[in-house]
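Next comes upload.cif, with mmCIF, C-alpha atoms and all ligand atoms.
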data_structure
#
loop_
_atom_site.label_atom_id
_atom_site.label_comp_id
_atom_site.auth_asym_id
_atom_site.auth_seq_id
_atom_site.Cartn_x
_atom_site.Cartn_y
_atom_site.Cartn_z
CA MET K 23 15.71 -9.99 -19.19
CA HIS K 24 19.25 -10.31 -17.96
CA PHE K 25 19.84 -8.57 -14.68
CA LEU K 26 22.56 -6.16 -15.84
CA THR K 27 20.44 -5.20 -18.80
CA LEU K 28 17.70 -4.47 -16.32
CA ILE K 29 19.88 -2.13 -14.27
CA LEU K 30 21.05 -0.27 -17.36
CA ALA K 31 17.55 -0.12 -18.80
CA ALA K 32 15.85 0.82 -15.54
CA PRO K 33 15.72 4.58 -16.19
CA LEU K 34 14.15 3.94 -19.60
CA LEU K 35 11.32 2.01 -17.97
CA PHE K 36 10.23 5.14 -16.16
CA GLN K 37 7.85 7.01 -18.37
CA GLY K 38 6.54 10.42 -17.42
CA VAL K 39 8.70 13.20 -16.15
CA PHE K 40 12.03 11.71 -15.16
CA ALA K 41 13.04 14.64 -12.99
CA GLN K 42 10.09 14.10 -10.64
CA THR K 43 11.55 10.81 -9.46
CA PHE K 44 15.24 11.23 -10.19
CA GLU K 45 16.51 10.71 -6.64
CA THR K 46 14.40 7.65 -5.89
CA ASP K 47 15.11 6.18 -9.34
CA ILE K 48 18.80 6.31 -8.45
CA LEU K 49 18.11 4.67 -5.08
CA ALA K 50 16.09 1.91 -6.77
CA ALA K 51 18.84 1.27 -9.35
CA LYS K 52 21.41 1.19 -6.56
CA ALA K 53 19.23 -1.25 -4.60
CA LEU K 54 19.15 -3.60 -7.59
CA PHE K 55 22.88 -3.29 -8.11
CA ASN K 56 23.60 -3.97 -4.42
CA LEU K 57 21.26 -6.95 -4.47
CA ALA K 58 23.14 -8.37 -7.45
CA THR K 59 26.47 -7.86 -5.69
CA TYR K 60 25.13 -9.32 -2.45
CA THR K 61 23.75 -12.46 -4.08
CA ALA K 62 26.94 -12.90 -6.11
CA GLN K 63 28.93 -12.90 -2.86
CA HIS K 64 26.55 -14.70 -0.50
CA GLY K 65 24.44 -16.81 -2.82
CA TYR K 66 20.70 -16.59 -3.15
CA PRO K 67 18.75 -16.66 0.10
CA SER K 68 16.38 -19.28 -1.26
CA GLY K 69 17.07 -22.08 -3.71
CA SER K 70 14.56 -21.28 -6.39
CA CYS K 71 14.47 -17.50 -6.69
CA THR K 72 17.27 -15.93 -8.72
CA LEU K 73 17.76 -12.61 -10.46
CA GLN K 74 17.20 -14.47 -13.73
CA ASN K 75 13.66 -15.59 -12.89
CA VAL K 76 12.65 -12.82 -10.52
CA ALA K 77 9.35 -10.97 -11.02
CA ILE K 78 9.65 -7.25 -11.68
CA ARG K 79 7.07 -4.94 -10.19
CA ARG K 80 6.58 -1.76 -12.19
CA GLU K 81 5.03 1.66 -11.74
CA TRP K 82 1.40 2.12 -12.77
CA GLY K 83 2.25 4.83 -15.29
CA ALA K 84 4.94 2.63 -16.89
CA LEU K 85 2.44 -0.12 -17.74
CA SER K 86 0.87 -0.14 -21.19
CA ALA K 87 -2.84 0.59 -21.51
CA ARG K 88 -3.41 -3.14 -22.10
CA GLU K 89 -1.45 -4.07 -18.97
CA ARG K 90 -3.41 -1.59 -16.86
CA LYS K 91 -6.71 -2.92 -18.18
CA ASP K 92 -5.62 -6.48 -17.40
CA TYR K 93 -4.88 -5.45 -13.83
CA ILE K 94 -8.21 -3.59 -13.47
CA ASN K 95 -10.12 -6.57 -14.85
CA ALA K 96 -8.40 -8.94 -12.44
CA VAL K 97 -9.37 -6.73 -9.48
CA LYS K 98 -12.98 -6.71 -10.66
CA CYS K 99 -12.81 -10.47 -11.16
CA LEU K 100 -11.72 -10.96 -7.55
CA ALA K 101 -14.73 -8.91 -6.42
CA SER K 102 -16.98 -11.23 -8.46
CA LYS K 103 -15.76 -14.48 -6.82
CA PRO K 104 -17.31 -15.95 -3.69
CA ASN K 105 -15.80 -15.07 -0.32
CA LYS K 106 -13.96 -17.56 1.86
CA THR K 107 -14.45 -15.63 5.11
CA PRO K 108 -17.16 -17.37 7.15
CA ALA K 109 -20.37 -15.37 7.61
CA SER K 110 -20.13 -16.10 11.34
CA GLN K 111 -17.02 -13.88 11.46
CA PHE K 112 -17.78 -11.25 8.84
CA PRO K 113 -21.41 -11.42 7.77
CA GLY K 114 -20.80 -8.45 5.44
CA ALA K 115 -17.97 -10.07 3.46
CA ARG K 116 -19.63 -10.94 0.15
CA ASN K 117 -16.76 -11.64 -2.25
CA ARG K 118 -13.10 -12.64 -2.51
CA TYR K 119 -12.00 -9.01 -2.51
CA ASP K 120 -13.80 -8.48 0.81
CA ASP K 121 -11.72 -11.31 2.30
CA PHE K 122 -8.68 -9.04 2.08
CA VAL K 123 -10.52 -6.09 3.59
CA ALA K 124 -11.78 -8.31 6.44
CA THR K 125 -8.30 -9.69 7.21
CA HIS K 126 -6.90 -6.17 7.49
CA MET K 127 -9.82 -4.96 9.64
CA ASN K 128 -9.47 -7.95 11.96
CA GLN K 129 -5.82 -7.25 12.72
CA THR K 130 -5.59 -3.46 12.43
CA LEU K 131 -4.30 -2.80 15.94
CA SER K 132 -1.60 -5.48 15.80
CA ILE K 133 -0.17 -4.62 12.35
CA HIS K 134 0.24 -0.82 12.46
CA GLY K 135 2.74 1.09 14.55
CA THR K 136 4.17 -2.37 15.27
CA GLY K 137 7.41 -4.16 14.44
CA ASN K 138 5.59 -6.34 11.93
CA PHE K 139 4.01 -3.38 10.08
CA ILE K 140 6.16 -3.43 6.95
CA GLY K 141 6.55 -7.22 6.84
CA TRP K 142 2.84 -7.85 7.36
CA HIS K 143 1.86 -5.45 4.58
CA ARG K 144 4.52 -6.93 2.28
CA TYR K 145 3.01 -10.38 2.75
CA PHE K 146 -0.55 -9.04 2.48
CA THR K 147 0.15 -7.23 -0.81
CA TRP K 148 1.90 -10.32 -2.17
CA ALA K 149 -1.02 -12.58 -1.19
CA TYR K 150 -3.37 -10.22 -3.04
CA GLU K 151 -1.12 -10.31 -6.12
CA GLN K 152 -1.18 -14.13 -5.94
CA ALA K 153 -4.98 -14.15 -5.73
CA LEU K 154 -5.19 -11.94 -8.84
CA ARG K 155 -2.84 -14.28 -10.67
CA ASN K 156 -4.05 -17.68 -9.44
CA GLU K 157 -7.77 -17.03 -9.11
CA CYS K 158 -8.33 -14.45 -11.84
CA GLY K 159 -5.79 -15.35 -14.52
CA TYR K 160 -3.80 -12.13 -14.20
CA LYS K 161 -0.45 -12.57 -15.93
CA GLY K 162 1.31 -9.45 -14.65
CA TYR K 163 2.64 -8.51 -11.24
CA GLN K 164 1.49 -6.06 -8.60
CA PRO K 165 2.06 -2.52 -9.90
CA TYR K 166 3.04 0.27 -7.54
CA TRP K 167 2.01 3.91 -7.33
CA ASN K 168 5.13 6.04 -7.08
CA TRP K 169 3.70 8.95 -5.08
CA ALA K 170 6.43 11.24 -6.33
CA LYS K 171 5.13 11.00 -9.91
CA SER K 172 1.80 12.51 -8.99
CA ALA K 173 2.70 14.55 -5.89
CA MET K 174 2.23 17.96 -7.52
CA ASP K 175 -0.84 17.09 -9.59
CA PRO K 176 -2.49 13.82 -8.56
CA LEU K 177 -5.78 14.49 -10.36
CA ASN K 178 -4.05 14.54 -13.75
CA SER K 179 -1.88 11.49 -13.12
CA PRO K 180 -2.28 8.05 -14.78
CA MET K 181 -3.46 6.76 -11.39
CA PHE K 182 -6.29 9.21 -10.79
CA ASP K 183 -7.16 10.97 -14.05
CA GLY K 184 -10.48 9.12 -14.25
CA SER K 185 -9.74 7.62 -17.69
CA ASN K 186 -10.50 3.97 -18.48
CA THR K 187 -6.85 3.07 -17.81
CA SER K 188 -6.75 4.79 -14.41
CA MET K 189 -7.69 3.49 -10.96
CA SER K 190 -10.65 5.91 -11.26
CA GLY K 191 -10.64 9.56 -10.37
CA ASN K 192 -11.70 11.80 -7.55
CA GLY K 193 -15.08 11.63 -5.86
CA GLU K 194 -17.76 13.97 -7.10
CA TYR K 195 -17.77 17.31 -5.35
CA PHE K 196 -19.60 17.04 -2.05
CA PHE K 197 -19.36 19.80 0.49
CA GLY K 198 -21.08 18.06 3.37
CA ASN K 199 -20.53 19.80 6.66
CA GLN K 200 -16.80 19.45 6.74
CA SER K 201 -14.04 21.86 5.74
CA TRP K 202 -11.09 19.73 6.85
CA VAL K 203 -10.11 16.19 7.82
CA GLY K 204 -8.27 15.79 11.11
CA ILE K 205 -5.23 13.52 11.29
CA PRO K 206 -4.94 11.25 13.25
CA THR K 207 -8.58 11.93 14.21
CA ASN K 208 -11.15 14.65 13.74
CA ASP K 209 -11.53 14.88 17.52
CA ALA K 210 -7.84 15.40 18.22
CA PRO K 211 -6.28 16.69 15.01
CA ASP K 212 -2.54 17.09 14.78
CA ILE K 213 -2.86 17.99 11.09
CA LYS K 214 -5.94 19.45 9.38
CA ILE K 215 -6.15 18.51 5.71
CA PRO K 216 -8.24 21.13 3.93
CA LYS K 217 -11.18 19.84 1.97
CA GLY K 218 -10.34 19.12 -1.67
CA THR K 219 -12.60 19.11 -4.72
CA GLY K 220 -14.11 15.65 -4.09
CA GLY K 221 -15.68 14.06 -1.04
CA GLY K 222 -18.55 12.37 -2.87
CA CYS K 223 -18.89 9.08 -4.75
CA VAL K 224 -16.33 8.10 -7.39
CA ARG K 225 -18.22 8.24 -10.69
CA THR K 226 -15.44 8.15 -13.30
CA GLY K 227 -13.18 5.42 -14.61
CA PRO K 228 -13.18 1.64 -14.20
CA PHE K 229 -14.24 1.66 -10.54
CA LYS K 230 -17.14 4.11 -10.87
CA ASP K 231 -19.58 1.40 -9.74
CA TRP K 232 -17.26 -0.17 -7.16
CA GLN K 233 -19.23 -1.33 -4.15
CA VAL K 234 -17.73 -1.12 -0.67
CA ASN K 235 -19.32 -3.68 1.66
CA LEU K 236 -17.49 -3.56 5.00
CA GLY K 237 -16.89 -0.83 7.57
CA PRO K 238 -16.52 2.03 8.00
CA VAL K 239 -14.97 1.69 11.43
CA ALA K 240 -13.13 5.01 11.70
CA PRO K 241 -14.49 7.20 8.89
CA VAL K 242 -12.66 10.49 8.34
CA LEU K 243 -15.71 11.95 6.59
CA THR K 244 -18.11 13.08 9.30
CA TYR K 245 -21.11 12.70 6.97
CA VAL K 246 -20.44 8.97 6.39
CA GLU K 247 -22.30 6.78 8.89
CA LYS K 248 -20.36 4.14 10.81
CA ASN K 249 -21.08 0.50 10.13
CA PRO K 250 -24.20 -0.63 12.03
CA ASP K 251 -22.36 -3.56 13.67
CA PRO K 252 -22.88 -2.91 17.42
CA SER K 253 -19.52 -4.52 18.24
CA GLY K 254 -17.81 -1.56 16.52
CA LEU K 255 -15.79 -3.95 14.33
CA GLY K 256 -17.59 -2.99 11.14
CA THR K 257 -18.39 -6.54 10.04
CA TYR K 258 -22.01 -6.00 8.92
CA TYR K 259 -23.03 -5.77 5.28
CA ASN K 260 -23.05 -2.05 4.53
CA PRO K 261 -23.06 -1.62 0.74
CA ARG K 262 -22.19 1.90 -0.41
CA CYS K 263 -20.30 3.84 -3.02
CA MET K 264 -16.58 4.49 -2.80
CA ARG K 265 -15.79 8.11 -1.91
CA ARG K 266 -12.53 9.96 -2.40
CA ASP K 267 -11.25 13.42 -1.71
CA ILE K 268 -7.89 13.42 -3.45
CA SER K 269 -5.55 15.85 -1.70
CA GLN K 270 -2.84 17.65 -3.61
CA TRP K 271 -2.32 19.62 -0.38
CA THR K 272 -1.15 16.38 1.26
CA SER K 273 0.84 14.83 -1.58
CA SER K 274 2.72 18.04 -2.42
CA ARG K 275 3.85 18.37 1.20
CA TRP K 276 4.88 14.85 2.14
CA SER K 277 5.32 12.46 -0.76
CA LYS K 278 7.56 14.19 -3.27
CA ASP K 279 10.72 12.56 -4.60
CA SER K 280 12.82 14.44 -2.02
CA ASP K 281 10.55 13.31 0.84
CA ILE K 282 11.11 9.66 -0.09
CA SER K 283 14.82 9.95 -0.82
CA SER K 284 15.56 11.88 2.37
CA LEU K 285 13.64 9.31 4.42
CA ILE K 286 15.92 6.64 2.97
CA ASN K 287 19.17 8.61 2.98
CA ALA K 288 18.90 10.30 6.37
CA ASN K 289 17.98 7.20 8.38
CA THR K 290 20.53 4.44 8.46
CA ASP K 291 18.97 2.71 11.50
CA ILE K 292 15.72 0.79 11.21
CA TYR K 293 14.02 2.52 14.14
CA PRO K 294 13.83 6.09 12.76
CA PHE K 295 13.22 4.80 9.23
CA TRP K 296 10.35 2.58 10.38
CA SER K 297 8.94 5.27 12.65
CA LEU K 298 9.08 8.18 10.18
CA LEU K 299 7.83 6.10 7.25
CA GLN K 300 4.53 5.24 8.88
CA GLY K 301 2.52 7.83 10.57
CA VAL K 302 1.96 11.26 11.92
CA SER K 303 3.87 13.19 14.54
CA SER K 304 3.91 16.88 15.43
CA GLY K 305 2.71 18.21 12.12
CA TYR K 306 4.70 15.72 10.02
CA MET K 307 3.15 13.01 7.90
CA GLY K 308 5.21 10.00 6.88
CA VAL K 309 4.95 8.78 3.28
CA HIS K 310 2.73 5.86 4.31
CA ALA K 311 0.14 8.11 5.95
CA ALA K 312 0.55 10.71 3.19
CA GLY K 313 -0.34 8.17 0.50
CA HIS K 314 -3.47 7.11 2.37
CA PHE K 315 -4.58 10.71 2.91
CA THR K 316 -3.80 11.72 -0.65
CA ILE K 317 -6.63 9.31 -1.54
CA GLY K 318 -8.75 9.99 1.54
CA GLY K 319 -12.49 9.43 1.64
CA ASP K 320 -14.33 6.23 2.47
CA PRO K 321 -12.96 3.63 2.78
CA GLY K 322 -9.56 5.05 1.71
CA GLY K 323 -9.10 7.26 4.77
CA ASP K 324 -10.35 4.68 7.25
CA PHE K 325 -7.54 3.17 9.34
CA TYR K 326 -9.33 -0.21 9.41
CA THR K 327 -11.19 -0.40 6.11
CA SER K 328 -8.69 1.29 3.77
CA PRO K 329 -8.05 -1.85 1.62
CA GLY K 330 -11.66 -1.46 0.43
CA ASP K 331 -10.37 1.13 -2.07
CA PRO K 332 -8.41 -0.87 -4.68
CA THR K 333 -5.65 1.77 -4.82
CA PHE K 334 -4.61 0.47 -1.39
CA PHE K 335 -2.50 -2.27 -2.95
CA LEU K 336 -0.67 0.06 -5.36
CA HIS K 337 0.02 2.39 -2.45
CA HIS K 338 1.29 -0.42 -0.24
CA ALA K 339 3.46 -1.78 -3.05
CA GLN K 340 5.17 1.63 -3.02
CA VAL K 341 5.48 1.51 0.79
CA ASP K 342 7.09 -1.91 0.26
CA ARG K 343 9.33 -0.53 -2.48
CA THR K 344 10.44 2.25 -0.14
CA TRP K 345 11.41 -0.35 2.46
CA TRP K 346 13.07 -2.50 -0.26
CA MET K 347 15.12 0.50 -1.43
CA TRP K 348 16.15 1.23 2.17
CA GLN K 349 17.05 -2.41 2.86
CA ASN K 350 19.12 -2.78 -0.26
CA GLN K 351 21.24 0.32 0.17
CA ASP K 352 23.05 -1.96 2.64
CA PRO K 353 21.66 -5.50 2.36
CA VAL K 354 24.19 -7.07 4.76
CA HIS K 355 23.08 -4.94 7.72
CA ARG K 356 19.52 -4.01 6.84
CA THR K 357 17.73 -7.01 5.36
CA TYR K 358 16.82 -8.53 8.72
CA ALA K 359 16.61 -5.33 10.79
CA VAL K 360 13.42 -4.97 12.86
CA ALA K 361 12.18 -2.18 15.16
CA GLY K 362 9.02 -1.74 17.18
CA THR K 363 6.86 -3.71 19.56
CA ILE K 364 3.75 -5.85 19.11
CA THR K 365 1.13 -3.21 20.02
CA PHE K 366 -0.03 -0.15 18.08
CA SER K 367 2.40 2.69 18.92
CA ASN K 368 3.41 0.49 21.87
CA THR K 369 -0.01 1.08 23.51
CA PRO K 370 -0.39 -0.74 25.83
CA PRO K 371 3.36 -1.24 26.37
CA SER K 372 4.55 -4.59 25.02
CA ARG K 373 7.66 -6.58 24.16
CA ASN K 374 9.72 -5.98 21.04
CA ALA K 375 8.70 -7.74 17.87
CA THR K 376 11.02 -10.58 16.85
CA LEU K 377 11.79 -12.39 13.62
CA ASP K 378 10.09 -15.48 15.08
CA ASP K 379 6.72 -13.75 15.45
CA LEU K 380 4.01 -15.25 13.26
CA ILE K 381 2.13 -13.32 10.61
CA ASP K 382 -1.28 -14.66 9.77
CA LEU K 383 -3.50 -13.67 6.84
CA GLY K 384 -6.54 -15.76 7.81
CA VAL K 385 -8.25 -17.15 4.71
CA ASN K 386 -5.75 -15.30 2.51
CA GLY K 387 -2.54 -17.03 3.44
CA ASP K 388 -0.71 -19.42 5.76
CA ALA K 389 0.96 -18.12 8.90
CA ILE K 390 4.64 -17.44 8.28
CA LYS K 391 7.38 -15.98 10.46
CA LEU K 392 8.26 -12.31 10.25
CA ARG K 393 11.73 -13.52 9.22
CA ASP K 394 10.24 -14.94 6.03
CA THR K 395 8.98 -11.52 4.96
CA MET K 396 12.31 -9.73 5.22
CA SER K 397 13.82 -10.52 1.81
CA THR K 398 11.84 -10.14 -1.42
CA LEU K 399 13.99 -13.00 -2.79
CA ALA K 400 13.17 -15.44 0.03
CA GLY K 401 10.26 -16.87 1.97
CA PRO K 402 7.25 -17.00 -0.34
CA PHE K 403 8.54 -14.07 -2.43
CA CYS K 404 10.51 -13.67 -5.59
CA TYR K 405 10.30 -10.11 -6.88
CA VAL K 406 12.19 -6.84 -7.19
CA TYR K 407 11.20 -3.29 -8.10
CA VAL K 408 12.41 -0.94 -10.79
CU CU L 501 -2.67 -1.36 6.88
#

In structure tokens, what does this structure look like?
Ligand SMILES: [Cu+2]
Amino acid sequence: MHFLTLILAAPLLFQGVFAQTFETDILAAKALFNLATYTAQHGYPSGSCTLQNVAIRREWGALSARERKDYINAVKCLASKPNKTPASQFPGARNRYDDFVATHMNQTLSIHGTGNFIGWHRYFTWAYEQALRNECGYKGYQPYWNWAKSAMDPLNSPMFDGSNTSMSGNGEYFFGNQSWVGIPTNDAPDIKIPKGTGGGCVRTGPFKDWQVNLGPVAPVLTYVEKNPDPSGLGTYYNPRCMRRDISQWTSSRWSKDSDISSLINANTDIYPFWSLLQGVSSGYMGVHAAGHFTIGGDPGGDFYTSPGDPTFFLHHAQVDRTWWMWQNQDPVHRTYAVAGTITFSNTPPSRNATLDDLIDLGVNGDAIKLRDTMSTLAGPFCYVYV
């Protein structure tokens, strides 16, 4: 598709209720337009990736039923292939999907609340997309979950409605002994998310028999036992069902269209954008945290093990899209902007992250520099969002 056609057609690619995502749709179209202008003036940042051959990542609800099934089948295929992670490191990693969970668990404290947070997760999500394509014959690209589309009613959205073209639905109702989930922790809650209508095993949709093998390390559900690994790193084989407690309470407060657009529009410097995007502070949840806690459960709500729920990658594609939209409102000044240090929330205090810092995905990808993750048209990447 020619690039200008793409810009003009972009609004038509959004199915569902247009008004729910109007402001961010405009920001995404503007990002594409600015990127076209930028590359026309400055040339392409890498030789081989152009806006004529670029991959286009689309929203889950905008994919056809066939396309969604192809994606689902590729995810299941990955979970049926042998792992590459050595048993000496992660004895519980039993398949190729677990390799991605293990990589994230291994590095949790050096890739969150850090300067490499958004770049690391961009590269991680891309490496997962490549594994689906190269190892499981998937022909599409990584879809994203636009939180705004489902913010008011996630349980009836194409993502979570439990149909055979969804990413499976809520967990079964399970009361347990818990009436709320504490964020950031149950012991020291800044926000208390009231219990939803799930909390038990996911028993609808394509992932109703999905087996979680690793973790939990930091379970938000008090009735889910921690992984038996005495090191606390959650590496032992711990097969269990996937649980969710999908939270409309969370999504309707913090991941609406206006929450995303104001994050982008109100923060022209990288530091506040990066900081507000991510986490939790004084009763406020950034869109990144809000997406994770809209899904909740085990492993979805676990800081370390969250990639064990396959919606992780659709969520992080939208985190990446949010960054991409922010970058490309002003590509000249924002593409290579970095904020943050190299330790989680700068604890213990550490130096600032730099573009020369290495990002390593273990068995899932070569080490590259943070610089190489900054443009979706350079480094290993060649994609845009609509
Ligand atoms: Cu993460």

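Reported to one decimal place, the separation of CA of Tyr166 in chain K from CA of Gln340 in chain K is 5.2 Å.
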
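Residues in contact with ligand CU 501 (chain L) (atom pairs separated by at most 8 Å; only C-alpha atoms and all ligand atoms) are His126, Thr130, Ile133, His134, Phe139, His143, Phe325, Tyr326, Ser328 and Pro329 of chain K.
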
Can you tell me, as AutoDock Vina command-line options, the centre and edge lengths (Å, one decimal) of the axis-aligned box enclosing all of range 242-250 of chain K's listed atoms after padding each side by 4 Å?
--center_x -18.4 --center_y 6.2 --center_z 9.2 --size_x 19.5 --size_y 21.7 --size_z 13.6

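In this comparison, which uses all atoms listed in the file, the residue of K:Phe122, K:Tyr66, K:Phe112, K:Tyr93 approaching Asn260 in chain K most closely is K:Phe112.
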
Using only C-alpha atoms, the shortest atom-to-atom distance to Asn350 in chain K among K:Trp169, K:Phe334, K:Tyr293, K:Phe55 belongs to K:Phe55
